[in-house]
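The next block holds one structure in the form of structure tokens; read it before the comments.
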Amino acid sequence: MVKVNHVVKNYTIGKLEVHALRGVDLEIKDGEFMSIAGPSGSGKTTLLNLIGCLDACTGGDILIDGESIGGKKRDERALLRRRKIGFVFQSFNLIPVLTAYENVAFALSLLKTGPGETRERTMKILEEVGLTGLEKRFPNELSGGQQQRVAVARALVKKPTLVLADEPTANLDSDTGREILKLMEDLNRTHGTTFVFSTHDPMVMDFAHRLVLLHDGAIVSDKAKK
Amino acid sequence: MGFIITLAFKNLFRYRRRTIITAIAIATGVSMYIFIDGWLQGAQAESVRNLVKFETGSARVVNTTYWEQKDFLLPKYDIPDPAPAEAALEKAGYTVAPRVTIFAEASKTGGAGEAFTLQIAGIDPARDGKIFDFANALTPKGAVYLTAGRSEIMLGSNAADRLGVVLDDSVRLTTRTRDGVWTSLETRVVAILSTPDPIVNNIMGFVPLDVLQNALQMGNGVTDIVIGFPEWLDPDKETAAINALLAPLPGSSDYVAKSFNDLAPEFGQIAQSKSGGTKIILFLIFIIAAIGISNTVLMAVYERVREIGMMRALGMKNGAVMWCFIVEAFGIGLVGALFGVILGVFAELYMVNIGIDLTPMLENMGNIGYRILGVSKSLWNPDTIVTAAIVSIIFSGIMAILPARRALKKEITECLRVK
Ligand SMILES: Nc1ncnc2c1ncn2[C@@H]1O[C@H](COP(=O)(O)OP(=O)(O)OP(=O)(O)O)[C@@H](O)[C@H]1O
Ligand SMILES: [Mg+2]
């Protein structure tokens, strides 16, 4: 479970202060399939980065599984992300010199999983995302949709508490985007993993079971849909 | 760590061209260093050999005062009766050859040419050749070695040129006797010496020992007892042993043994400044390698900012990311060192076995400190090869730290935003 307690995030550009988040309160329950939506500049990426321990809040606090992430040191935050958080990026961010299989196994190598278990878990998740037979392909030998499937597999292979996806479909055409969302929804159901994804695409919002609307750094609506 | 090594290896392979270019820069440096060091060591060894075989012998016993005033080579400070010392040395297994070495004014007899000061050594034709190698340096055709009792001279080639004398010409030597009276000696040129030792070629002449002793009224007195021992023996230790050996002899407090290191001190200094030269080369090579490596890593870092951001986001610690780049640089260093060693060893293989003929160059340069003429060869230098390889690999890794740190200074969120 993730608790966001009155989080404020300011950026300073020279003398200018940008209020990216102006006091956000949010509770994300385990197993949710939730979208954070809002226009460009509304603070979606900022919020996901804070929940994902990639950045520090200016004010307020975030708790993951009851643990405050505010006071953590750099390497402690790295360990927390390594164990509990999966990331799916808009631009896939696969390592170009590694095969699909190796890109997924990378997440497990950080957890120092043994070779047998690594192989088993990696093959299983690649099958679940529908990439059986393509394990040995390099990212540039895969379509955008297939690359994002590898990224989803990489996020899920370590069995995280939470998967954060910042505009995961923005670099894909709408059919492929829909397939990726369908895949994430399936995985959410079968694995019970919490998914939080941001978007400004209404089609994507439709998939969400809960929709949080951000506007100008504040939550303006929070609706359960399914 | 296994993953980091795999990733580094794959990245090296992916950016093949860049890897190869940087590795070539390192290989060039490593091989150049190996080559130059081997060559200098070879020249040094050859130089020592020539110094010993043509100029100094392995060591000498000389009168203490003669040694103190060695700039004047005065025959009055002699060893009046060398026989007991010679006997003791020969008994201990050393080769010995007595000599009288002095300065004399030399000029072509009957010629209008100038007179030059030469170093004249009276040598025992029967024994001197057991230590020195002049028998192989006689020119031109028809030249012969000295014969005892005859008023003959063998002249260094450049000295002969300056005097304007050729084979069978007469040379007049003017000098002072043991007691300081001017005297002169007419000699006939029986050989021109063309040796690898520029000092011999430039300023030396050799006459039979008995003829010189006679002219200088020295009786059996000699100024030097030249000693020969194998080149693998430590000259200073051996000289100390010789001094100990001579100590019990009567009158031994008047003379002292000196190794070739003492006899040609400028030689050691030159060797030192040459090794200073290799250090400068080493330094330059490192600068080149350093710039090459850090530039390559810097390019890699800039290209992979987003990749670095992703790896950090997924929970890779900064230290591990740093290692990715260090290992990659190690890899480039390894390839460079490997090729450098192969190249250096091949170049050295040629230089050790065949060498380069430097005669034309060195003849025009006069005394450059090295006693070499003719073919210059290298000496195998396994220490240098291993050091150059290890240092270049480790150094390459170290050079990656700075550029890698630049990537880690950036916030993860910024790394991920880079398009
Ligand atoms: N590193 C930064 N430095 C300064 N200002 C920033 C920085 N990151 C974000 N901002 C500002 O914070 C606000 C929120 O940005 P954020 O990227 O979270 O929006 P977003 O909802 O993700 O927008 P988009 O849909 O365009 O991705 C914007 O005004 C943006 O300009
Ligand atoms: Mg955004």
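Ordered as shown in the structure tokens, chains take letters A, B, and onward, while each chain numbers its residues from 1 and ligands are numbered from 1 in the order shown.
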Task: Test item: chain A residues at most 10 Å from chain B, counting only C-alpha atoms, as a ChimeraX atom specification - done: /A:45-46,49-50,52-55,74-98,102,105-107,109-112,154-155
- [ ] Using only C-alpha atoms and all ligand atoms, find each protein or nucleic acid residue lying at most 12 Å from ligand 2; present the set as a ChimeraX atom specification.
- [x] /A:20,36-49,89-91,165-168,170,197-200,214 /B:413,416-417
Apply DSSP to the structure's backbone, then extract all residues of segment 46-193 of chain A labelled strand (DSSP E or B) and return them as a compact mmCIF listing (two decimals) with all heavy atoms, in the first residue's frame.
```
# COMPACT_ATOMS: atom_id res chain seq x y z
N GLY A 59 7.78 18.92 0.27
CA GLY A 59 7.03 18.87 1.51
C GLY A 59 6.15 17.63 1.54
O GLY A 59 5.89 17.03 0.50
N GLY A 60 5.70 17.24 2.72
CA GLY A 60 4.86 16.06 2.83
C GLY A 60 5.68 14.79 2.85
O GLY A 60 6.92 14.85 2.94
N ASP A 61 5.01 13.65 2.74
CA ASP A 61 5.73 12.38 2.87
C ASP A 61 5.03 11.30 2.07
O ASP A 61 3.83 11.40 1.78
CB ASP A 61 5.81 11.99 4.35
CG ASP A 61 6.83 10.88 4.57
OD1 ASP A 61 7.62 10.61 3.64
OD2 ASP A 61 6.83 10.30 5.67
N ILE A 62 5.78 10.29 1.71
CA ILE A 62 5.20 9.15 1.01
C ILE A 62 5.58 7.90 1.78
O ILE A 62 6.73 7.75 2.22
CB ILE A 62 5.72 9.08 -0.45
CG1 ILE A 62 5.19 10.28 -1.24
CG2 ILE A 62 5.27 7.77 -1.11
CD1 ILE A 62 5.77 10.41 -2.62
N LEU A 63 4.61 7.02 1.99
CA LEU A 63 4.87 5.76 2.69
C LEU A 63 4.62 4.60 1.73
O LEU A 63 3.59 4.56 1.05
CB LEU A 63 3.95 5.61 3.90
CG LEU A 63 4.08 6.70 4.97
CD1 LEU A 63 2.75 6.96 5.64
CD2 LEU A 63 5.13 6.30 5.99
N ILE A 64 5.58 3.70 1.66
CA ILE A 64 5.38 2.48 0.88
C ILE A 64 5.40 1.31 1.84
O ILE A 64 6.38 1.12 2.57
CB ILE A 64 6.46 2.33 -0.20
CG1 ILE A 64 6.35 3.49 -1.20
CG2 ILE A 64 6.32 0.98 -0.91
CD1 ILE A 64 7.39 3.49 -2.29
N GLU A 67 6.32 2.28 5.20
CA GLU A 67 7.67 2.78 5.42
C GLU A 67 7.81 4.15 4.76
O GLU A 67 7.55 4.29 3.56
CB GLU A 67 8.63 1.81 4.75
CG GLU A 67 9.93 1.59 5.46
CD GLU A 67 10.82 0.65 4.65
OE1 GLU A 67 10.28 -0.19 3.88
OE2 GLU A 67 12.03 0.77 4.76
N SER A 68 8.24 5.14 5.52
CA SER A 68 8.44 6.46 4.93
C SER A 68 9.69 6.45 4.06
O SER A 68 10.74 5.92 4.45
CB SER A 68 8.60 7.49 6.05
OG SER A 68 9.15 8.67 5.50
N ILE A 85 9.73 -1.83 -6.60
CA ILE A 85 9.09 -1.02 -7.65
C ILE A 85 9.56 -1.42 -9.04
O ILE A 85 10.76 -1.54 -9.30
CB ILE A 85 9.37 0.48 -7.41
CG1 ILE A 85 8.89 0.88 -6.01
CG2 ILE A 85 8.67 1.33 -8.46
CD1 ILE A 85 9.35 2.23 -5.56
N GLY A 86 8.60 -1.64 -9.92
CA GLY A 86 8.92 -1.88 -11.32
C GLY A 86 8.61 -0.63 -12.12
O GLY A 86 7.67 0.10 -11.79
N PHE A 87 9.42 -0.36 -13.13
CA PHE A 87 9.18 0.82 -13.95
C PHE A 87 8.94 0.42 -15.40
O PHE A 87 9.61 -0.44 -15.94
CB PHE A 87 10.40 1.75 -13.92
CG PHE A 87 10.58 2.47 -12.61
CD1 PHE A 87 11.39 1.92 -11.62
CD2 PHE A 87 9.95 3.68 -12.36
CE1 PHE A 87 11.57 2.58 -10.41
CE2 PHE A 87 10.13 4.35 -11.16
CZ PHE A 87 10.94 3.79 -10.17
N VAL A 88 7.94 1.09 -16.01
CA VAL A 88 7.78 0.98 -17.46
C VAL A 88 7.85 2.42 -17.99
O VAL A 88 7.18 3.30 -17.45
CB VAL A 88 6.42 0.33 -17.83
CG1 VAL A 88 6.23 0.33 -19.33
CG2 VAL A 88 6.34 -1.08 -17.26
N LEU A 162 4.69 -2.77 -6.67
CA LEU A 162 4.10 -1.66 -7.40
C LEU A 162 4.81 -1.49 -8.74
O LEU A 162 6.03 -1.55 -8.81
CB LEU A 162 4.33 -0.39 -6.54
CG LEU A 162 3.93 0.97 -7.05
CD1 LEU A 162 2.41 1.05 -7.15
CD2 LEU A 162 4.44 2.04 -6.08
N VAL A 163 4.00 -1.31 -9.81
CA VAL A 163 4.60 -0.99 -11.10
C VAL A 163 4.16 0.41 -11.50
O VAL A 163 2.97 0.72 -11.49
CB VAL A 163 4.19 -2.00 -12.20
CG1 VAL A 163 4.67 -1.53 -13.57
CG2 VAL A 163 4.75 -3.37 -11.89
N LEU A 164 5.14 1.26 -11.80
CA LEU A 164 4.84 2.63 -12.21
C LEU A 164 5.14 2.77 -13.69
O LEU A 164 6.21 2.36 -14.15
CB LEU A 164 5.71 3.61 -11.41
CG LEU A 164 5.49 3.59 -9.90
CD1 LEU A 164 6.54 4.45 -9.20
CD2 LEU A 164 4.08 4.08 -9.55
N ALA A 165 4.18 3.32 -14.42
CA ALA A 165 4.37 3.45 -15.87
C ALA A 165 3.99 4.86 -16.29
O ALA A 165 2.83 5.24 -16.21
CB ALA A 165 3.53 2.42 -16.61
N ASP A 166 4.99 5.62 -16.70
CA ASP A 166 4.74 7.01 -17.11
C ASP A 166 4.47 7.02 -18.61
O ASP A 166 5.38 6.82 -19.41
CB ASP A 166 5.95 7.87 -16.75
CG ASP A 166 5.65 9.37 -16.91
OD1 ASP A 166 4.46 9.71 -17.10
OD2 ASP A 166 6.60 10.17 -16.86
```
Open item on the list: Here is a test: counting only C-alpha atoms, which residue of A:Val150, A:Val157, A:Val220, A:Val204 is nearest to Glu185 of chain A?
Closed with: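 The answer is A:Val204, which sits nearest to Glu185 of chain A.
Candidate residues A:His215, A:Lys223, A:Lys136, A:Arg178 were compared for distance to ligand 1, and the nearest is A:His215, using only C-alpha atoms and all ligand atoms.
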